[in-house]
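What follows is a short report on a single structure.
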Amino acid sequence: MEFTLYQIAEMLNGKIEGDGSLKVNRIDKIQEGREGGISFLANEKYESFIYETAATAVIVSEDFVSQKPVKSNLIRVKNAYSGFTQLLESYAQLSKAKKYGIEEPSYFDKSSSIGDNHYRGAFSYVGKNCLIGNNAQIHPHAYLGDNVKIGNNCIIHTGAKIHQNTQIGNHCEIKSGAVIGSDGFGFAPQEDGTYKAIPQLGNVVIEDHVSIGANTTIDCATMGSTIIKRGAKIDNLVQIAHNVIIGENTIIASQTGISGSTEIGKNCVIAGQVGIVGHIKIADKTTIGAKTGIPKNINISGQTIFGFLGMDIKDFLKSYSLFKKLPELQSRIKELEKKA
């Protein structure tokens with residue numbers, strides 16, 4: 001696909017500096033930009049590349065001030081990162097044509113219903129009493145158990161498994177290999193040292209505009225619901241245990257594990273490989289750094305937590321500065337002991 005810079009500027013509500021009639025047909029990293037491509041600059045660490053790139057155009061923020069001559073044409077927008085994201089979204093919509101119709105073999109129980117303009121891929125399975133909205137995209141080898149409800153404009157990617165009684169809202173995307181509604185990890189210890197499985201009778205509720213990454217697992221509740229609230233974005237390879245609640249617009253990165261019955265607030269950012277114990281609450285707008293362990297409640301909104309076990313980032317950095325000096329301090333103590 002090919003677009004003029006005028007068309008892109010109009011799409012992004014931006015202003016052109018240069019020749020708006022030039023055309024681009026490719027999206028490039030700024031350090032790899034070539035003629036016919038468009039790039040963006042949002043991080044000052046990459047500013048040097050804007051003076052070297054051969055990209056036909058670069059999207060920059062309105063307040064960008066060049067320190068040297070720039071050979072590329074510029075498209076100035078309010079926020080370069082947001083503008084470029086908008087461009088990627090538009091490009092993806094245009095380049096990924098939706099499929100329609102039914103591929104065989106596939107199974108769709110006669111007690112279930114599906115809305116208009118849908119696609120069901122080969123070897124997909126839809127169980128009993130399912131209700132699926134309009135514009136559904138159910139890709140090959142996807143599985144929907146009994147009594148599943150899915151809203152409008154949802155995409156269930158290849159090999160995703162949606163277990164019984166799961167409820168999914170509108171405009172959601174469940175990526176390949178995700179497992180939604182599998183049994184929670186519940187076992188009761190017995191007197192003889194063995195464990196007895198506790199029946200997991202609840203379900204999973206996913207609200208509107210949620211994205212679930214590939215090979216992520218969300219367990220059903222023991223009773224009630226495991227809930228992923230509106231706008232949450234879950235990365236690949238995340239484990240969310242039974243009865244967890246994830247707040248609105250919270251982002252969770254890969255390899256994070258969240259134990260049962262924990263409640264995470266809205267607009268939180270949880271980085272990769274975070275471990276969170278069960279039965280605690282995390283306040284709104286909390287940021288948790290990579291590999292951090294969270295052993296207790298976080299009650300104050302807006303904190304950044306880092307380290308194992310997690311503590312306020314300022315306290316952690318102070319402690320770490322002392323930790324690095326421990327060998328030196330030990331040597332000084334030994335010298336003092338010799339003089340004593």
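In the structure tokens, each chain is lettered A, B, ... as it comes, each chain's residues begin at 1, and ligands are numbered from 1 in order of appearance.
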Which of stretch 66-288 of chain A DSSP labels helix (DSSP H, G or I), written as a list in words: Ala80, Tyr81, Ser82, Gly83, Phe84, Thr85, Gln86, Leu87, Leu88, Glu89, Ser90, Tyr91, Ala92, Gln93, Leu94 and Ser95 of chain A
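For A:Leu317, the residues within 10 Å (counting only C-alpha atoms, excluding itself and residues fewer than 6 positions away along the chain) are A:Phe306, A:Gly307, A:Met311, A:Phe323.
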Selection from above, C-alpha atoms, as a PDB file, in the first residue's frame, can you write it?
```pdb
ATOM      1  CA  PHE A 306      11.170  -2.220  42.751  1.00  0.00           C
ATOM      2  CA  GLY A 307      13.403  -4.954  44.155  1.00  0.00           C
ATOM      3  CA  MET A 311       9.962  -1.664  48.464  1.00  0.00           C
ATOM      4  CA  PHE A 323      25.045  -2.823  49.457  1.00  0.00           C
TER       5      PHE A 323
END
```
Residues of stretch 154-266 of chain A in strand (DSSP E or B) according to DSSP, as a short mmCIF file (atom, residue, chain, number, x, y, z; two decimals) with all heavy atoms, in the first residue's frame?
```
data_model
loop_
_atom_site.label_atom_id
_atom_site.label_comp_id
_atom_site.auth_asym_id
_atom_site.auth_seq_id
_atom_site.Cartn_x
_atom_site.Cartn_y
_atom_site.Cartn_z
N ILE A 155 -11.74 -11.15 18.47
CA ILE A 155 -10.87 -12.04 17.70
C ILE A 155 -10.34 -13.13 18.64
O ILE A 155 -9.72 -12.83 19.66
CB ILE A 155 -9.68 -11.29 17.09
CG1 ILE A 155 -10.17 -10.13 16.20
CG2 ILE A 155 -8.81 -12.23 16.26
CD1 ILE A 155 -9.06 -9.23 15.72
N ILE A 156 -10.61 -14.39 18.28
CA ILE A 156 -10.07 -15.52 19.02
C ILE A 156 -9.05 -16.19 18.10
O ILE A 156 -9.41 -16.81 17.09
CB ILE A 156 -11.18 -16.53 19.41
CG1 ILE A 156 -12.38 -15.80 20.05
CG2 ILE A 156 -10.61 -17.59 20.34
CD1 ILE A 156 -12.07 -15.05 21.31
N LYS A 161 -7.98 -21.37 23.85
CA LYS A 161 -8.96 -22.23 24.52
C LYS A 161 -9.78 -21.39 25.50
O LYS A 161 -9.24 -20.87 26.47
CB LYS A 161 -8.25 -23.36 25.27
CG LYS A 161 -7.28 -24.20 24.41
CD LYS A 161 -8.02 -24.97 23.33
CE LYS A 161 -7.09 -25.93 22.59
NZ LYS A 161 -6.12 -25.24 21.71
N ILE A 162 -11.09 -21.31 25.23
CA ILE A 162 -11.99 -20.55 26.10
C ILE A 162 -12.90 -21.55 26.78
O ILE A 162 -13.79 -22.13 26.15
CB ILE A 162 -12.84 -19.54 25.27
CG1 ILE A 162 -11.98 -18.78 24.25
CG2 ILE A 162 -13.58 -18.60 26.21
CD1 ILE A 162 -10.91 -17.91 24.85
N GLN A 167 -17.08 -15.34 30.12
CA GLN A 167 -17.78 -14.21 29.50
C GLN A 167 -16.75 -13.20 29.01
O GLN A 167 -15.89 -12.77 29.79
CB GLN A 167 -18.73 -13.54 30.50
CG GLN A 167 -19.84 -14.46 30.99
CD GLN A 167 -20.76 -13.78 31.99
OE1 GLN A 167 -20.84 -12.56 32.04
NE2 GLN A 167 -21.45 -14.59 32.79
N ILE A 168 -16.84 -12.84 27.73
CA ILE A 168 -15.91 -11.91 27.12
C ILE A 168 -16.71 -10.77 26.51
O ILE A 168 -17.70 -11.01 25.82
CB ILE A 168 -15.05 -12.60 26.05
CG1 ILE A 168 -14.21 -13.73 26.70
CG2 ILE A 168 -14.13 -11.61 25.34
CD1 ILE A 168 -13.41 -14.56 25.71
N GLU A 173 -9.41 -9.25 22.20
CA GLU A 173 -8.54 -10.09 21.38
C GLU A 173 -7.86 -11.12 22.28
O GLU A 173 -7.18 -10.76 23.24
CB GLU A 173 -7.50 -9.25 20.64
CG GLU A 173 -6.66 -10.03 19.66
CD GLU A 173 -5.81 -9.13 18.77
OE1 GLU A 173 -5.73 -7.91 19.04
OE2 GLU A 173 -5.23 -9.65 17.79
N ILE A 174 -8.08 -12.39 21.97
CA ILE A 174 -7.46 -13.49 22.71
C ILE A 174 -6.46 -14.14 21.76
O ILE A 174 -6.84 -14.74 20.75
CB ILE A 174 -8.51 -14.52 23.17
CG1 ILE A 174 -9.71 -13.83 23.83
CG2 ILE A 174 -7.85 -15.53 24.10
CD1 ILE A 174 -9.39 -13.04 25.06
N VAL A 179 -5.20 -19.66 27.37
CA VAL A 179 -6.17 -20.56 28.00
C VAL A 179 -6.95 -19.74 29.03
O VAL A 179 -6.39 -19.27 30.02
CB VAL A 179 -5.47 -21.75 28.67
CG1 VAL A 179 -6.50 -22.67 29.32
CG2 VAL A 179 -4.65 -22.54 27.65
N ILE A 180 -8.24 -19.60 28.77
CA ILE A 180 -9.09 -18.78 29.62
C ILE A 180 -10.11 -19.67 30.32
O ILE A 180 -10.86 -20.39 29.66
CB ILE A 180 -9.85 -17.70 28.80
CG1 ILE A 180 -8.91 -16.98 27.83
CG2 ILE A 180 -10.57 -16.74 29.73
CD1 ILE A 180 -7.81 -16.21 28.49
N GLY A 181 -10.11 -19.65 31.65
CA GLY A 181 -11.12 -20.39 32.40
C GLY A 181 -10.72 -21.79 32.79
O GLY A 181 -11.57 -22.59 33.21
N SER A 182 -9.44 -22.13 32.69
CA SER A 182 -8.98 -23.43 33.19
C SER A 182 -9.09 -23.46 34.72
O SER A 182 -9.19 -22.42 35.37
CB SER A 182 -7.54 -23.69 32.76
OG SER A 182 -6.71 -22.61 33.14
N PHE A 187 -5.87 -26.98 46.16
CA PHE A 187 -5.74 -28.33 46.72
C PHE A 187 -5.77 -28.23 48.25
O PHE A 187 -5.08 -27.38 48.83
CB PHE A 187 -4.45 -29.00 46.26
CG PHE A 187 -4.39 -29.24 44.78
CD1 PHE A 187 -3.88 -28.28 43.93
CD2 PHE A 187 -4.87 -30.42 44.25
CE1 PHE A 187 -3.83 -28.50 42.56
CE2 PHE A 187 -4.83 -30.65 42.88
CZ PHE A 187 -4.31 -29.69 42.04
N ALA A 188 -6.54 -29.11 48.88
CA ALA A 188 -6.64 -29.12 50.33
C ALA A 188 -5.71 -30.20 50.90
O ALA A 188 -5.80 -31.37 50.50
CB ALA A 188 -8.08 -29.41 50.75
N PRO A 189 -4.81 -29.83 51.83
CA PRO A 189 -3.92 -30.83 52.43
C PRO A 189 -4.71 -31.82 53.30
O PRO A 189 -5.63 -31.43 54.03
CB PRO A 189 -2.96 -29.99 53.26
CG PRO A 189 -3.67 -28.71 53.52
CD PRO A 189 -4.57 -28.48 52.36
N TYR A 195 -2.87 -34.36 48.93
CA TYR A 195 -3.69 -33.20 48.64
C TYR A 195 -4.94 -33.62 47.87
O TYR A 195 -4.88 -34.50 47.01
CB TYR A 195 -2.91 -32.18 47.80
CG TYR A 195 -1.80 -31.50 48.57
CD1 TYR A 195 -0.54 -32.08 48.65
CD2 TYR A 195 -2.02 -30.29 49.22
CE1 TYR A 195 0.48 -31.47 49.36
CE2 TYR A 195 -1.01 -29.67 49.92
CZ TYR A 195 0.23 -30.26 49.99
OH TYR A 195 1.23 -29.65 50.69
N LYS A 196 -6.04 -32.99 48.19
CA LYS A 196 -7.30 -33.27 47.52
C LYS A 196 -7.71 -32.04 46.71
O LYS A 196 -7.71 -30.92 47.23
CB LYS A 196 -8.38 -33.62 48.53
CG LYS A 196 -9.71 -34.04 47.89
CD LYS A 196 -10.71 -34.46 48.96
CE LYS A 196 -12.01 -34.92 48.31
NZ LYS A 196 -12.99 -35.37 49.33
N ALA A 197 -8.05 -32.23 45.43
CA ALA A 197 -8.43 -31.11 44.56
C ALA A 197 -9.71 -30.46 45.06
O ALA A 197 -10.69 -31.14 45.41
CB ALA A 197 -8.60 -31.59 43.13
N ASN A 203 -16.09 -18.75 37.22
CA ASN A 203 -15.78 -18.52 35.80
C ASN A 203 -14.80 -17.36 35.66
O ASN A 203 -14.25 -16.86 36.65
CB ASN A 203 -17.07 -18.23 35.03
CG ASN A 203 -17.66 -16.86 35.33
OD1 ASN A 203 -17.36 -16.26 36.37
ND2 ASN A 203 -18.51 -16.37 34.45
N VAL A 204 -14.56 -16.96 34.42
CA VAL A 204 -13.74 -15.79 34.11
C VAL A 204 -14.63 -14.77 33.40
O VAL A 204 -15.39 -15.14 32.49
CB VAL A 204 -12.54 -16.14 33.22
CG1 VAL A 204 -11.79 -14.88 32.79
CG2 VAL A 204 -11.60 -17.09 33.96
N VAL A 205 -14.53 -13.51 33.80
CA VAL A 205 -15.24 -12.42 33.14
C VAL A 205 -14.20 -11.44 32.60
O VAL A 205 -13.39 -10.90 33.37
CB VAL A 205 -16.20 -11.69 34.10
CG1 VAL A 205 -16.83 -10.48 33.41
CG2 VAL A 205 -17.29 -12.64 34.58
N ILE A 206 -14.22 -11.24 31.29
CA ILE A 206 -13.32 -10.29 30.64
C ILE A 206 -14.17 -9.17 30.07
O ILE A 206 -15.08 -9.42 29.26
CB ILE A 206 -12.51 -10.99 29.52
CG1 ILE A 206 -11.59 -12.05 30.14
CG2 ILE A 206 -11.69 -9.98 28.74
CD1 ILE A 206 -10.85 -12.89 29.12
N SER A 211 -7.00 -7.11 25.83
CA SER A 211 -6.12 -7.94 25.00
C SER A 211 -5.42 -8.95 25.89
O SER A 211 -4.83 -8.58 26.92
CB SER A 211 -5.09 -7.08 24.27
OG SER A 211 -4.18 -7.88 23.56
N ILE A 212 -5.49 -10.23 25.51
CA ILE A 212 -4.85 -11.31 26.25
C ILE A 212 -3.78 -11.93 25.37
O ILE A 212 -4.06 -12.40 24.27
CB ILE A 212 -5.86 -12.39 26.67
CG1 ILE A 212 -7.05 -11.79 27.44
CG2 ILE A 212 -5.17 -13.47 27.50
CD1 ILE A 212 -6.69 -11.13 28.74
N THR A 217 -2.41 -17.69 30.74
CA THR A 217 -3.43 -18.51 31.38
C THR A 217 -4.17 -17.69 32.43
O THR A 217 -3.55 -17.05 33.28
CB THR A 217 -2.80 -19.74 32.06
OG1 THR A 217 -2.08 -20.49 31.08
CG2 THR A 217 -3.86 -20.62 32.66
N ILE A 218 -5.50 -17.71 32.35
CA ILE A 218 -6.34 -17.04 33.34
C ILE A 218 -7.26 -18.10 33.93
O ILE A 218 -8.12 -18.66 33.24
CB ILE A 218 -7.16 -15.91 32.71
CG1 ILE A 218 -6.23 -14.89 32.05
CG2 ILE A 218 -8.01 -15.22 33.77
CD1 ILE A 218 -6.94 -13.78 31.30
N ASP A 219 -7.08 -18.40 35.21
CA ASP A 219 -7.84 -19.47 35.85
C ASP A 219 -9.24 -19.01 36.23
O ASP A 219 -9.45 -17.85 36.62
CB ASP A 219 -7.13 -19.94 37.12
CG ASP A 219 -5.79 -20.61 36.83
OD1 ASP A 219 -5.57 -21.02 35.67
OD2 ASP A 219 -4.97 -20.72 37.77
N SER A 225 -16.12 -15.02 40.29
CA SER A 225 -15.47 -14.76 39.00
C SER A 225 -14.05 -14.23 39.17
O SER A 225 -13.77 -13.44 40.08
CB SER A 225 -16.27 -13.73 38.19
OG SER A 225 -17.57 -14.19 37.91
N THR A 226 -13.16 -14.70 38.30
CA THR A 226 -11.90 -14.01 38.04
C THR A 226 -12.23 -12.91 37.04
O THR A 226 -12.85 -13.18 36.01
CB THR A 226 -10.87 -14.98 37.44
OG1 THR A 226 -10.67 -16.07 38.35
CG2 THR A 226 -9.55 -14.27 37.17
N ILE A 227 -11.81 -11.66 37.30
CA ILE A 227 -12.29 -10.54 36.49
C ILE A 227 -11.12 -9.75 35.91
O ILE A 227 -10.21 -9.33 36.64
CB ILE A 227 -13.18 -9.59 37.33
CG1 ILE A 227 -14.36 -10.36 37.92
CG2 ILE A 227 -13.67 -8.42 36.48
CD1 ILE A 227 -15.21 -9.55 38.89
N ILE A 228 -11.16 -9.56 34.59
CA ILE A 228 -10.21 -8.68 33.90
C ILE A 228 -11.02 -7.49 33.41
O ILE A 228 -11.87 -7.62 32.52
CB ILE A 228 -9.53 -9.39 32.71
CG1 ILE A 228 -9.04 -10.80 33.10
CG2 ILE A 228 -8.40 -8.52 32.17
CD1 ILE A 228 -8.00 -10.81 34.18
N LYS A 233 -4.49 -4.77 29.39
CA LYS A 233 -3.66 -5.37 28.35
C LYS A 233 -2.69 -6.36 29.02
O LYS A 233 -1.83 -5.95 29.82
CB LYS A 233 -2.86 -4.31 27.59
CG LYS A 233 -3.70 -3.13 27.10
CD LYS A 233 -4.80 -3.53 26.13
CE LYS A 233 -5.59 -2.30 25.68
NZ LYS A 233 -6.81 -2.66 24.91
N ILE A 234 -2.84 -7.62 28.68
CA ILE A 234 -2.05 -8.69 29.29
C ILE A 234 -1.10 -9.25 28.24
O ILE A 234 -1.53 -9.66 27.16
CB ILE A 234 -2.95 -9.82 29.84
CG1 ILE A 234 -4.15 -9.26 30.62
CG2 ILE A 234 -2.12 -10.78 30.69
CD1 ILE A 234 -3.82 -8.47 31.84
N GLN A 239 0.55 -15.61 34.11
CA GLN A 239 -0.32 -16.51 34.88
C GLN A 239 -1.18 -15.68 35.83
O GLN A 239 -0.65 -14.97 36.70
CB GLN A 239 0.50 -17.52 35.66
CG GLN A 239 -0.23 -18.21 36.79
CD GLN A 239 -1.42 -19.05 36.34
OE1 GLN A 239 -1.45 -19.50 35.20
NE2 GLN A 239 -2.39 -19.25 37.20
N ILE A 240 -2.50 -15.76 35.66
CA ILE A 240 -3.44 -15.06 36.54
C ILE A 240 -4.30 -16.12 37.22
O ILE A 240 -5.04 -16.85 36.56
CB ILE A 240 -4.31 -14.07 35.74
CG1 ILE A 240 -3.41 -12.99 35.10
CG2 ILE A 240 -5.36 -13.43 36.64
CD1 ILE A 240 -4.14 -12.04 34.19
N ILE A 245 -8.60 -10.07 40.49
CA ILE A 245 -9.27 -8.95 39.82
C ILE A 245 -8.19 -8.01 39.28
O ILE A 245 -7.34 -7.54 40.04
CB ILE A 245 -10.22 -8.19 40.76
CG1 ILE A 245 -11.33 -9.13 41.25
CG2 ILE A 245 -10.82 -6.97 40.05
CD1 ILE A 245 -12.25 -8.49 42.29
N ILE A 246 -8.21 -7.77 37.97
CA ILE A 246 -7.28 -6.83 37.33
C ILE A 246 -8.06 -5.58 36.98
O ILE A 246 -9.07 -5.63 36.28
CB ILE A 246 -6.66 -7.44 36.05
CG1 ILE A 246 -6.01 -8.79 36.33
CG2 ILE A 246 -5.66 -6.45 35.44
CD1 ILE A 246 -4.84 -8.75 37.26
N ILE A 251 -1.68 -2.68 32.72
CA ILE A 251 -0.82 -3.38 31.77
C ILE A 251 0.08 -4.36 32.54
O ILE A 251 0.71 -3.98 33.53
CB ILE A 251 0.05 -2.38 30.98
CG1 ILE A 251 -0.84 -1.49 30.11
CG2 ILE A 251 1.09 -3.09 30.13
CD1 ILE A 251 -0.09 -0.40 29.39
N ILE A 252 0.14 -5.61 32.05
CA ILE A 252 0.94 -6.64 32.72
C ILE A 252 1.87 -7.28 31.69
O ILE A 252 1.41 -7.83 30.69
CB ILE A 252 0.04 -7.70 33.36
CG1 ILE A 252 -0.92 -7.04 34.36
CG2 ILE A 252 0.89 -8.76 34.06
CD1 ILE A 252 -1.91 -8.00 34.97
N GLY A 257 3.46 -13.55 37.43
CA GLY A 257 2.56 -14.50 38.07
C GLY A 257 1.80 -13.83 39.20
O GLY A 257 2.40 -13.19 40.07
N ILE A 258 0.48 -13.95 39.17
CA ILE A 258 -0.38 -13.31 40.18
C ILE A 258 -1.15 -14.39 40.90
O ILE A 258 -1.93 -15.14 40.29
CB ILE A 258 -1.33 -12.30 39.53
CG1 ILE A 258 -0.54 -11.26 38.73
CG2 ILE A 258 -2.19 -11.62 40.59
CD1 ILE A 258 -1.40 -10.35 37.87
N GLU A 263 -6.22 -8.43 44.29
CA GLU A 263 -6.92 -7.38 43.56
C GLU A 263 -5.92 -6.30 43.16
O GLU A 263 -5.26 -5.71 44.01
CB GLU A 263 -8.03 -6.77 44.42
CG GLU A 263 -9.13 -7.75 44.78
CD GLU A 263 -10.24 -7.11 45.57
OE1 GLU A 263 -10.44 -5.88 45.42
OE2 GLU A 263 -10.89 -7.82 46.36
N ILE A 264 -5.81 -6.07 41.85
CA ILE A 264 -4.89 -5.06 41.32
C ILE A 264 -5.71 -3.90 40.80
O ILE A 264 -6.69 -4.09 40.08
CB ILE A 264 -4.02 -5.67 40.21
CG1 ILE A 264 -3.14 -6.77 40.80
CG2 ILE A 264 -3.17 -4.60 39.54
CD1 ILE A 264 -2.30 -7.52 39.80
#
```
Test item: residues at most 8 Å from A:Ala142, only C-alpha atoms, excluding those fewer than 3 positions along its chain, as a PyMOL selection string: chain A and resi 123-125+138-139+156-161
To one decimal place in Å, what is the distance between atom CA of A:Ala241 and atom CA of A:Phe185? 7.3 Å
Counting only C-alpha atoms, which of A:Glu328, A:Leu237, A:Tyr46, A:Ile150 gets nearest to A:Glu207? A:Ile150
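With atom CA of A:Ile276 on one side and atom CA of A:His171 on the other, the separation reads 28.3 Å.
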Counting only C-alpha atoms, which of A:Leu12, A:Leu322, A:Met1, A:Ala271 gets nearest to A:Asn25?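 Checking each candidate against A:Asn25, we get A:Met1 as the closest.
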Determine the nearest neighbour of A:Phe40 from the options A:Val24, A:Gly83, A:Phe108, A:Gln7, counting only C-alpha atoms. A:Gly83
Excluding same-chain residues fewer than 3 positions from A:Gly260, what lies within 6 Å of it counting only C-alpha atoms, as a list of chain:residue names? A:Ala241, A:His242, A:Asn243, A:Val244, A:Gly278
Taking 5 positions as the minimum chain separation for residues in the same chain, which residues sit within 12 Å of A:Gly289 when counting only C-alpha atoms? Answer as a list in words.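 Here the answer would be Ile252, Ala253, Thr256, Cys268, Val269, Ile270, Ala271, Gly272, Gln273, Val274, Gly275, Ile294, Gln303, Thr304, Ile305, Phe306, Gly307, Phe308, Leu309, Gly310, Met311, Asp312, Ile313 and Phe316 of chain A.
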Can you tell me how far atom CA of A:Ser61 sits from atom CA of A:Lys29, in Å to one decimal? 16.4 Å
Distance criterion (only C-alpha atoms): nearest to A:Val148 out of A:Asn73, A:Ser112, A:Ser48, A:Asn170: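 Result for the nearest residue to A:Val148: A:Ser112.
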I want to know what sits within 10 Å of A:Asp19, based on only C-alpha atoms, with residues of the same chain fewer than 3 positions away left out; could you give that as a PDB file with C-alpha atoms, in the first residue's frame?
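That gives us out-v6.pdb:
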```
ATOM      1  CA  THR A   4       1.268  10.433   0.194  1.00  0.00           C
ATOM      2  CA  LEU A   5       2.628  12.408   3.093  1.00  0.00           C
ATOM      3  CA  TYR A   6      -0.422  14.666   2.748  1.00  0.00           C
ATOM      4  CA  ILE A  16       4.152  18.734   6.967  1.00  0.00           C
ATOM      5  CA  LEU A  22       5.958  12.275  -1.873  1.00  0.00           C
ATOM      6  CA  LYS A  23       4.757   8.718  -1.342  1.00  0.00           C
ATOM      7  CA  THR A  56      11.357   9.746   3.129  1.00  0.00           C
ATOM      8  CA  ALA A  57       9.531  11.085   6.201  1.00  0.00           C
ATOM      9  CA  SER A  72      13.927  13.797   5.600  1.00  0.00           C
ATOM     10  CA  ASN A  73      10.518  15.410   5.377  1.00  0.00           C
ATOM     11  CA  LEU A  74       8.906  15.916   8.784  1.00  0.00           C
TER      12      LEU A  74
END
```
